[in-house]
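Pasted below: entry-v3.cif, mmCIF, C-alpha atoms and all ligand atoms.
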data_protein
loop_
_atom_site.label_atom_id
_atom_site.label_comp_id
_atom_site.auth_asym_id
_atom_site.auth_seq_id
_atom_site.Cartn_x
_atom_site.Cartn_y
_atom_site.Cartn_z
CA VAL H 1 0.00 0.00 0.00
CA ASP H 2 1.27 3.47 -0.86
CA HIS H 3 0.93 6.38 1.50
CA LEU H 4 1.77 10.07 1.74
CA LEU H 5 3.29 10.34 5.21
CA GLY H 6 5.74 13.17 4.67
CA ILE H 7 7.94 14.96 2.15
CA LYS H 8 11.22 13.62 3.52
CA ASN H 9 11.29 10.45 1.41
CA LEU H 10 9.64 11.80 -1.74
CA SER H 11 11.86 12.27 -4.79
CA THR H 12 12.02 15.48 -6.83
CA GLU H 13 10.36 13.48 -9.65
CA ASP H 14 7.47 12.53 -7.31
CA ILE H 15 6.97 16.19 -6.38
CA ASN H 16 7.06 17.30 -10.01
CA LEU H 17 4.54 14.58 -10.96
CA ILE H 18 2.21 15.86 -8.21
CA PHE H 19 2.63 19.43 -9.56
CA GLN H 20 1.95 18.38 -13.18
CA THR H 21 -1.17 16.50 -12.05
CA ALA H 22 -2.26 19.47 -9.91
CA ASP H 23 -1.80 21.81 -12.92
CA GLN H 24 -4.40 19.72 -14.77
CA PHE H 25 -6.79 19.58 -11.81
CA LYS H 26 -6.46 23.34 -11.30
CA GLU H 27 -7.74 23.81 -14.85
CA VAL H 28 -10.61 21.42 -14.12
CA ILE H 29 -11.78 23.21 -10.98
CA ASN H 30 -11.79 26.55 -12.77
CA ARG H 31 -14.25 25.26 -15.37
CA PRO H 32 -18.02 25.77 -14.95
CA ILE H 33 -18.31 21.99 -14.30
CA ARG H 34 -15.69 21.34 -11.66
CA LYS H 35 -16.18 17.65 -11.08
CA VAL H 36 -14.40 14.69 -12.71
CA PRO H 37 -15.34 11.02 -12.24
CA SER H 38 -11.75 9.87 -11.46
CA LEU H 39 -12.42 8.46 -7.95
CA ARG H 40 -16.06 7.47 -8.43
CA ASP H 41 -15.69 4.05 -6.78
CA ILE H 42 -13.40 5.20 -3.96
CA THR H 43 -14.49 5.99 -0.39
CA ILE H 44 -12.29 8.24 1.73
CA ALA H 45 -12.50 8.85 5.49
CA ASN H 46 -11.23 12.19 6.79
CA LEU H 47 -10.13 11.67 10.39
CA PHE H 48 -9.43 14.84 12.33
CA PHE H 49 -8.08 14.36 15.85
CA GLU H 50 -7.08 18.03 15.93
CA ASN H 51 -8.88 21.19 14.77
CA SER H 52 -8.59 22.34 11.17
CA THR H 53 -10.35 24.70 8.78
CA ARG H 54 -8.30 24.80 5.56
CA THR H 55 -6.92 21.27 5.43
CA ARG H 56 -10.17 19.53 6.37
CA LEU H 57 -12.36 21.47 3.94
CA SER H 58 -9.73 21.36 1.22
CA PHE H 59 -9.42 17.56 1.39
CA GLU H 60 -13.20 17.19 1.45
CA LEU H 61 -13.63 19.47 -1.56
CA ALA H 62 -10.80 17.70 -3.41
CA GLU H 63 -12.52 14.35 -2.78
CA LYS H 64 -15.90 15.68 -3.92
CA ARG H 65 -14.40 17.23 -7.07
CA LEU H 66 -12.94 13.78 -7.83
CA SER H 67 -16.38 12.16 -7.24
CA ALA H 68 -15.17 10.09 -4.26
CA ASP H 69 -17.57 9.22 -1.44
CA THR H 70 -16.44 10.85 1.80
CA VAL H 71 -17.07 10.40 5.50
CA ASN H 72 -15.83 12.84 8.10
CA PHE H 73 -14.76 12.00 11.60
CA SER H 74 -13.91 14.45 14.32
CA ALA H 75 -12.34 12.97 17.47
CA SER H 76 -14.12 15.30 19.88
CA SER H 77 -17.56 13.97 18.89
CA SER H 78 -16.49 10.32 18.56
CA SER H 79 -16.03 7.27 20.78
CA VAL H 80 -12.34 8.23 21.20
CA SER H 81 -13.68 10.18 24.20
CA LYS H 82 -14.81 6.80 25.63
CA GLY H 83 -11.28 5.42 25.38
CA GLU H 84 -11.30 3.72 21.94
CA THR H 85 -7.76 3.46 20.53
CA LEU H 86 -6.56 4.93 17.23
CA ILE H 87 -6.09 1.48 15.65
CA ASP H 88 -9.49 0.21 16.80
CA THR H 89 -11.14 3.42 15.60
CA VAL H 90 -9.59 3.19 12.15
CA ASN H 91 -10.14 -0.57 11.76
CA ASN H 92 -13.83 -0.09 12.58
CA ILE H 93 -14.08 2.66 9.95
CA LEU H 94 -12.20 0.51 7.40
CA SER H 95 -14.57 -2.42 7.97
CA MET H 96 -17.30 -0.21 6.47
CA LYS H 97 -15.40 -0.55 3.14
CA VAL H 98 -13.38 2.63 3.23
CA ASP H 99 -10.42 2.73 0.79
CA MET H 100 -8.26 5.63 2.01
CA VAL H 101 -7.73 7.52 5.24
CA VAL H 102 -6.77 11.18 5.54
CA MET H 103 -5.66 11.89 9.10
CA ARG H 104 -4.68 14.91 11.18
CA HIS H 105 -3.36 14.05 14.62
CA PRO H 106 -1.63 16.03 17.41
CA ASN H 107 1.09 13.41 17.92
CA PRO H 108 4.22 13.42 15.73
CA GLY H 109 4.56 10.03 14.02
CA ALA H 110 0.84 9.19 14.25
CA ALA H 111 0.47 8.83 10.46
CA VAL H 112 3.52 6.53 10.21
CA PHE H 113 2.22 4.49 13.16
CA LEU H 114 -1.18 4.11 11.52
CA SER H 115 0.35 3.08 8.18
CA GLN H 116 2.22 0.29 10.00
CA ASN H 117 -0.83 -0.98 11.85
CA VAL H 118 -3.82 -0.86 9.50
CA ASP H 119 -4.39 -2.07 5.95
CA SER H 120 -5.22 1.16 4.11
CA THR H 121 -3.67 4.04 2.22
CA ILE H 122 -2.86 6.82 4.71
CA VAL H 123 -2.52 10.50 3.83
CA ASN H 124 -0.95 12.63 6.54
CA ALA H 125 -2.92 15.87 6.98
CA GLY H 126 -0.49 17.06 9.70
CA ASP H 127 0.93 15.09 12.65
CA GLY H 128 1.99 17.19 15.61
CA ALA H 129 5.25 19.05 14.95
CA HIS H 130 6.40 16.37 12.48
CA GLU H 131 5.15 16.86 8.88
CA HIS H 132 2.33 18.49 6.91
CA PRO H 133 3.16 17.23 3.43
CA THR H 134 0.20 18.60 1.46
CA GLN H 135 0.79 22.07 2.97
CA ALA H 136 4.42 22.04 1.78
CA LEU H 137 3.32 20.84 -1.67
CA LEU H 138 0.71 23.58 -2.01
CA ASP H 139 3.20 26.16 -0.74
CA ALA H 140 5.88 25.16 -3.25
CA PHE H 141 3.24 24.89 -6.02
CA SER H 142 2.12 28.47 -5.22
CA MET H 143 5.74 29.74 -5.23
CA ARG H 144 6.31 27.98 -8.57
CA GLU H 145 3.24 29.73 -10.03
CA LYS H 146 4.67 33.11 -9.07
CA HIS H 147 8.41 32.50 -9.61
CA ASN H 148 8.44 29.63 -12.17
CA ASP H 149 11.49 27.52 -11.37
CA LEU H 150 12.37 27.40 -7.66
CA LYS H 151 16.01 26.52 -8.35
CA GLY H 152 18.21 29.12 -6.65
CA LYS H 153 15.24 31.00 -5.19
CA LYS H 154 15.76 32.20 -1.62
CA VAL H 155 13.01 31.35 0.85
CA VAL H 156 12.94 32.39 4.50
CA ILE H 157 10.57 30.66 6.92
CA VAL H 158 9.90 33.03 9.80
CA GLY H 159 8.63 32.29 13.28
CA ASP H 160 7.92 29.29 15.44
CA ILE H 161 10.07 26.70 13.67
CA LEU H 162 10.28 24.51 16.79
CA HIS H 163 6.60 23.59 16.88
CA SER H 164 5.97 23.73 13.13
CA ARG H 165 5.25 20.73 10.90
CA VAL H 166 4.80 23.26 8.08
CA ALA H 167 8.42 24.42 8.47
CA LEU H 168 9.87 20.91 8.39
CA SER H 169 7.87 19.76 5.36
CA ASN H 170 8.62 23.06 3.58
CA ILE H 171 12.36 22.69 4.21
CA PHE H 172 12.37 19.17 2.71
CA CYS H 173 10.21 20.16 -0.26
CA LEU H 174 12.02 23.40 -1.15
CA GLN H 175 15.46 21.82 -0.90
CA LYS H 176 14.39 18.98 -3.23
CA LEU H 177 13.28 21.66 -5.72
CA GLY H 178 16.63 23.45 -5.51
CA ALA H 179 15.66 26.49 -3.41
CA GLU H 180 17.91 27.98 -0.73
CA VAL H 181 16.16 27.88 2.63
CA ARG H 182 16.73 29.94 5.74
CA VAL H 183 14.80 30.00 9.01
CA CYS H 184 14.39 33.15 11.06
CA GLY H 185 13.06 33.50 14.59
CA PRO H 186 13.95 33.78 18.26
CA THR H 187 16.50 31.21 19.52
CA THR H 188 13.81 29.70 21.78
CA LEU H 189 11.65 28.82 18.78
CA ILE H 190 14.38 27.30 16.58
CA PRO H 191 15.17 23.62 17.20
CA LYS H 192 18.75 22.58 17.99
CA TYR H 193 18.75 20.01 15.13
CA ILE H 194 18.11 22.69 12.49
CA HIS H 195 21.78 22.77 11.39
CA THR H 196 21.57 19.09 10.39
CA LEU H 197 18.97 20.06 7.75
CA GLY H 198 21.30 22.32 5.75
CA VAL H 199 19.39 25.53 6.34
CA GLU H 200 20.79 28.90 7.40
CA VAL H 201 19.60 30.38 10.69
CA SER H 202 18.94 34.08 11.29
CA HIS H 203 17.53 36.01 14.22
CA ASN H 204 17.10 39.22 12.25
CA LEU H 205 13.88 39.67 10.25
CA GLN H 206 14.95 42.83 8.40
CA GLU H 207 18.18 41.23 7.18
CA SER H 208 16.30 38.06 6.16
CA LEU H 209 13.78 40.09 4.16
CA GLU H 210 16.63 41.81 2.30
CA TRP H 211 18.08 38.34 1.50
CA CYS H 212 14.97 36.48 0.32
CA ASP H 213 12.62 36.23 -2.67
CA VAL H 214 9.86 34.66 -0.57
CA ALA H 215 9.02 34.97 3.14
CA ASN H 216 6.73 32.32 4.64
CA MET H 217 5.39 33.74 7.90
CA LEU H 218 4.38 31.20 10.56
CA ARG H 219 2.03 31.52 13.47
CA VAL H 220 3.38 31.20 17.02
CA GLN H 221 1.73 27.96 18.12
CA HIS H 222 0.58 28.83 21.61
CA GLU H 223 -1.34 25.56 21.84
CA ARG H 224 1.94 23.62 21.68
CA GLN H 225 3.90 25.63 24.24
CA ASP H 226 3.79 27.47 27.52
CA ILE H 227 3.68 31.15 26.56
CA LYS H 228 5.05 32.20 29.95
CA TYR H 229 8.45 31.59 28.36
CA PHE H 230 10.21 34.09 26.11
CA PRO H 231 9.14 35.60 23.87
CA SER H 232 5.84 37.06 24.98
CA VAL H 233 3.44 37.92 22.17
CA ARG H 234 4.42 41.60 22.46
CA GLU H 235 8.14 40.85 22.36
CA TYR H 236 7.62 38.52 19.41
CA THR H 237 5.70 41.13 17.42
CA GLN H 238 8.31 43.80 18.13
CA GLN H 239 11.14 41.64 16.81
CA PHE H 240 9.52 39.37 14.22
CA GLY H 241 6.20 40.97 13.26
CA LEU H 242 6.04 41.87 9.56
CA THR H 243 4.66 45.30 8.62
CA LEU H 244 3.92 47.03 5.31
CA PRO H 245 6.53 49.82 5.75
CA MET H 246 9.21 47.11 6.18
CA LEU H 247 8.23 45.56 2.83
CA ASP H 248 7.83 48.88 1.00
CA SER H 249 11.31 49.98 2.14
CA LEU H 250 12.86 46.92 0.42
CA LYS H 251 11.89 48.23 -3.02
CA LYS H 252 11.84 44.74 -4.55
CA ASP H 253 9.33 42.11 -5.60
CA ILE H 254 9.01 39.91 -2.54
CA THR H 255 6.32 37.28 -2.01
CA ILE H 256 4.64 36.89 1.38
CA MET H 257 3.07 33.59 2.34
CA HIS H 258 1.32 32.22 5.42
CA PRO H 259 -0.13 28.73 5.90
CA GLY H 260 -2.94 30.05 8.12
CA PRO H 261 -4.53 30.50 10.53
CA ILE H 262 -3.17 34.06 10.77
CA ASN H 263 -2.84 35.90 14.05
CA ARG H 264 -3.37 39.35 12.52
CA GLY H 265 -1.24 41.95 14.26
CA VAL H 266 1.13 39.35 15.76
CA GLU H 267 3.36 37.74 13.08
CA ILE H 268 1.89 39.81 10.24
CA THR H 269 -0.24 42.95 10.07
CA SER H 270 -3.58 43.00 8.26
CA GLU H 271 -2.09 45.51 5.82
CA VAL H 272 0.52 42.93 4.76
CA ALA H 273 -1.85 39.95 4.74
CA ASP H 274 -4.25 41.80 2.44
CA SER H 275 -1.57 43.47 0.27
CA ASP H 276 -0.34 42.68 -3.25
CA TYR H 277 2.77 41.10 -1.71
CA SER H 278 0.59 38.36 -0.24
CA ILE H 279 -0.37 35.12 -2.02
CA ILE H 280 -2.07 33.70 1.08
CA LEU H 281 -5.45 33.05 -0.57
CA ASN H 282 -3.75 31.64 -3.69
CA GLN H 283 -2.15 29.09 -1.37
CA VAL H 284 -5.56 28.08 -0.07
CA GLU H 285 -6.98 27.89 -3.61
CA ASN H 286 -4.07 25.70 -4.76
CA GLY H 287 -4.56 23.37 -1.80
CA VAL H 288 -7.59 21.79 -3.46
CA ALA H 289 -5.76 21.01 -6.73
CA ILE H 290 -2.72 19.66 -4.86
CA ARG H 291 -4.90 17.38 -2.70
CA MET H 292 -6.82 16.20 -5.77
CA ALA H 293 -3.47 15.30 -7.36
CA VAL H 294 -2.23 13.41 -4.28
CA LEU H 295 -5.47 11.45 -3.85
CA TYR H 296 -5.71 10.69 -7.56
CA LEU H 297 -2.09 9.46 -7.80
CA LEU H 298 -2.42 7.32 -4.67
CA ALA H 299 -5.76 5.85 -5.75
CA SER H 300 -4.51 5.08 -9.23
CA LYS H 301 -1.44 3.46 -7.65
CA LYS H 302 1.09 5.30 -9.78
CA LYS H 303 4.45 3.87 -8.93
CA MET H 304 6.03 6.48 -6.73
CA ASN H 305 7.99 6.35 -3.53
CA PHE H 306 5.06 7.58 -1.52
CA LYS H 307 6.31 6.01 1.72
CA GLY H 308 7.34 9.52 2.87
N1 LIG H 401 -2.72 25.42 7.11
C1 LIG H 401 -3.46 24.61 7.87
O1 LIG H 401 -3.10 23.44 8.10
O2 LIG H 401 -4.63 25.16 8.35
P1 LIG H 401 -5.72 24.37 9.20
O3 LIG H 401 -5.09 24.03 10.53
O4 LIG H 401 -6.90 25.29 9.32
O5 LIG H 401 -6.04 23.10 8.45
#

Would you kindly transcribe this structure into structure tokens?
Amino acid sequence: VDHLLGIKNLSTEDINLIFQTADQFKEVINRPIRKVPSLRDITIANLFFENSTRTRLSFELAEKRLSADTVNFSASSSSVSKGETLIDTVNNILSMKVDMVVMRHPNPGAAVFLSQNVDSTIVNAGDGAHEHPTQALLDAFSMREKHNDLKGKKVVIVGDILHSRVALSNIFCLQKLGAEVRVCGPTTLIPKYIHTLGVEVSHNLQESLEWCDVANMLRVQHERQDIKYFPSVREYTQQFGLTLPMLDSLKKDITIMHPGPINRGVEITSEVADSDYSIILNQVENGVAIRMAVLYLLASKKKMNFKG
């Protein structure tokens, strides 16, 4: 069984195949009739053990556009609250003749664990601070739309790198596509292992903005940390908050991204989020085409190293 568990073990060819397939699906979903019959006999369960707006709706829309049958499961309203295990939960759902499982889970490694313990295709929709592969794919796809080839492009990922699955998957994906990657944030929010990933580290936002073609601004993930520790929200915004005057003073074409949800006025002002520098809503739009491509390629069992 093939899975999409992360970007780490995908090849550059796999990523480019996903992009080429997503290019075609993007055309499809911009037509008056947005639906194709590709997954008509496939049933997909979307299992969300952690909150989500974009990823959950984007997967569901991608499945519907592909004509798959879908069932949605949210842990908070399920028998997980009565003590049912992850494996039991998923095996019960699979016994209802479900073909693929999309799962978001708060624990890093949960998607890998599930793939080793149940007989189904697993798509990781974000597992703790580990990976968020479809987010990285839609991010790189959106950068490619704006900048064409990502080879040699300079991308800075700003913010809470320590708690971010988006950062890790983006680093893997961008490096495989030939981009130079830097992370920027306070020392307390940058993991010690970062140097092993071949990325530069900066603690200076202004200098990083001067260096980069693209800045991907991350949210400080208060739900994964104790905010009594440095930096406080105010300190963070003073040192790493992105404002419109900072961008205007650069006098260059710089692209601003954010995976969402945004904390307006913390890591990015509303003026920046809603400006022409921002491709934030393009990212969300592209998420549907990317997820259609991933589901289609997995369901049609194209031979790829999707073990991720
Ligand atoms: N980008 C992202 O994963 O957003 P959600 O948590 O709303 O799915």

Contacts to ligand LIG 401 (chain H) at 7 Å cut-off (only C-alpha atoms and all ligand atoms) as number ranges by chain: H: 51-56, 135, 259-261

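Coordinates place CA of Thr12 in chain H at a distance of 26.4 Å from CA of Ser208 in chain H.
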
Around (1.6, 31.6, 4.2), as given in the file, which residues come within 9 Å? Count only C-alpha atoms and list them as JSON, numbers by chain. {"H": [139, 215, 216, 217, 218, 256, 257, 258, 259, 260, 261, 262, 278, 279, 280, 281, 283]}

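The space between CA of Asp276 in chain H and CA of Ala22 in chain H spans 24.2 Å.
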
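Relative to CA of Glu13 in chain H, CA of Asp41 in chain H is found at 27.9 Å.
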
Of the candidates H:Asn170, H:Asn117, H:Thr188, H:Asn282, which one gets nearest to Asp88 in chain H if we count only C-alpha atoms? H:Asn117

Subset file as a tab-separated table (two decimals), in the first residue's frame: range 113-195 of chain H, C-alpha atoms:
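Resulting contents of selection_27.tsv:
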chain	number	residue	atom	x	y	z
H	113	PHE	CA	2.22	4.49	13.16
H	114	LEU	CA	-1.18	4.11	11.52
H	115	SER	CA	0.35	3.08	8.18
H	116	GLN	CA	2.22	0.29	10.00
H	117	ASN	CA	-0.83	-0.98	11.85
H	118	VAL	CA	-3.82	-0.86	9.50
H	119	ASP	CA	-4.39	-2.07	5.95
H	120	SER	CA	-5.22	1.16	4.11
H	121	THR	CA	-3.67	4.04	2.22
H	122	ILE	CA	-2.86	6.82	4.71
H	123	VAL	CA	-2.52	10.50	3.83
H	124	ASN	CA	-0.95	12.63	6.54
H	125	ALA	CA	-2.92	15.87	6.98
H	126	GLY	CA	-0.49	17.06	9.70
H	127	ASP	CA	0.93	15.09	12.65
H	128	GLY	CA	1.99	17.19	15.61
H	129	ALA	CA	5.25	19.05	14.95
H	130	HIS	CA	6.40	16.37	12.48
H	131	GLU	CA	5.15	16.86	8.88
H	132	HIS	CA	2.33	18.49	6.91
H	133	PRO	CA	3.16	17.23	3.43
H	134	THR	CA	0.20	18.60	1.46
H	135	GLN	CA	0.79	22.07	2.97
H	136	ALA	CA	4.42	22.04	1.78
H	137	LEU	CA	3.32	20.84	-1.67
H	138	LEU	CA	0.71	23.58	-2.01
H	139	ASP	CA	3.20	26.16	-0.74
H	140	ALA	CA	5.88	25.16	-3.25
H	141	PHE	CA	3.24	24.89	-6.02
H	142	SER	CA	2.12	28.47	-5.22
H	143	MET	CA	5.74	29.74	-5.23
H	144	ARG	CA	6.31	27.98	-8.57
H	145	GLU	CA	3.24	29.73	-10.03
H	146	LYS	CA	4.67	33.11	-9.07
H	147	HIS	CA	8.41	32.50	-9.61
H	148	ASN	CA	8.44	29.63	-12.17
H	149	ASP	CA	11.49	27.52	-11.37
H	150	LEU	CA	12.37	27.40	-7.66
H	151	LYS	CA	16.01	26.52	-8.35
H	152	GLY	CA	18.21	29.12	-6.65
H	153	LYS	CA	15.24	31.00	-5.19
H	154	LYS	CA	15.76	32.20	-1.62
H	155	VAL	CA	13.01	31.35	0.85
H	156	VAL	CA	12.94	32.39	4.50
H	157	ILE	CA	10.57	30.66	6.92
H	158	VAL	CA	9.90	33.03	9.80
H	159	GLY	CA	8.63	32.29	13.28
H	160	ASP	CA	7.92	29.29	15.44
H	161	ILE	CA	10.07	26.70	13.67
H	162	LEU	CA	10.28	24.51	16.79
H	163	HIS	CA	6.60	23.59	16.88
H	164	SER	CA	5.97	23.73	13.13
H	165	ARG	CA	5.25	20.73	10.90
H	166	VAL	CA	4.80	23.26	8.08
H	167	ALA	CA	8.42	24.42	8.47
H	168	LEU	CA	9.87	20.91	8.39
H	169	SER	CA	7.87	19.76	5.36
H	170	ASN	CA	8.62	23.06	3.58
H	171	ILE	CA	12.36	22.69	4.21
H	172	PHE	CA	12.37	19.17	2.71
H	173	CYS	CA	10.21	20.16	-0.26
H	174	LEU	CA	12.02	23.40	-1.15
H	175	GLN	CA	15.46	21.82	-0.90
H	176	LYS	CA	14.39	18.98	-3.23
H	177	LEU	CA	13.28	21.66	-5.72
H	178	GLY	CA	16.63	23.45	-5.51
H	179	ALA	CA	15.66	26.49	-3.41
H	180	GLU	CA	17.91	27.98	-0.73
H	181	VAL	CA	16.16	27.88	2.63
H	182	ARG	CA	16.73	29.94	5.74
H	183	VAL	CA	14.80	30.00	9.01
H	184	CYS	CA	14.39	33.15	11.06
H	185	GLY	CA	13.06	33.50	14.59
H	186	PRO	CA	13.95	33.78	18.26
H	187	THR	CA	16.50	31.21	19.52
H	188	THR	CA	13.81	29.70	21.78
H	189	LEU	CA	11.65	28.82	18.78
H	190	ILE	CA	14.38	27.30	16.58
H	191	PRO	CA	15.17	23.62	17.20
H	192	LYS	CA	18.75	22.58	17.99
H	193	TYR	CA	18.75	20.01	15.13
H	194	ILE	CA	18.11	22.69	12.49
H	195	HIS	CA	21.78	22.77	11.39
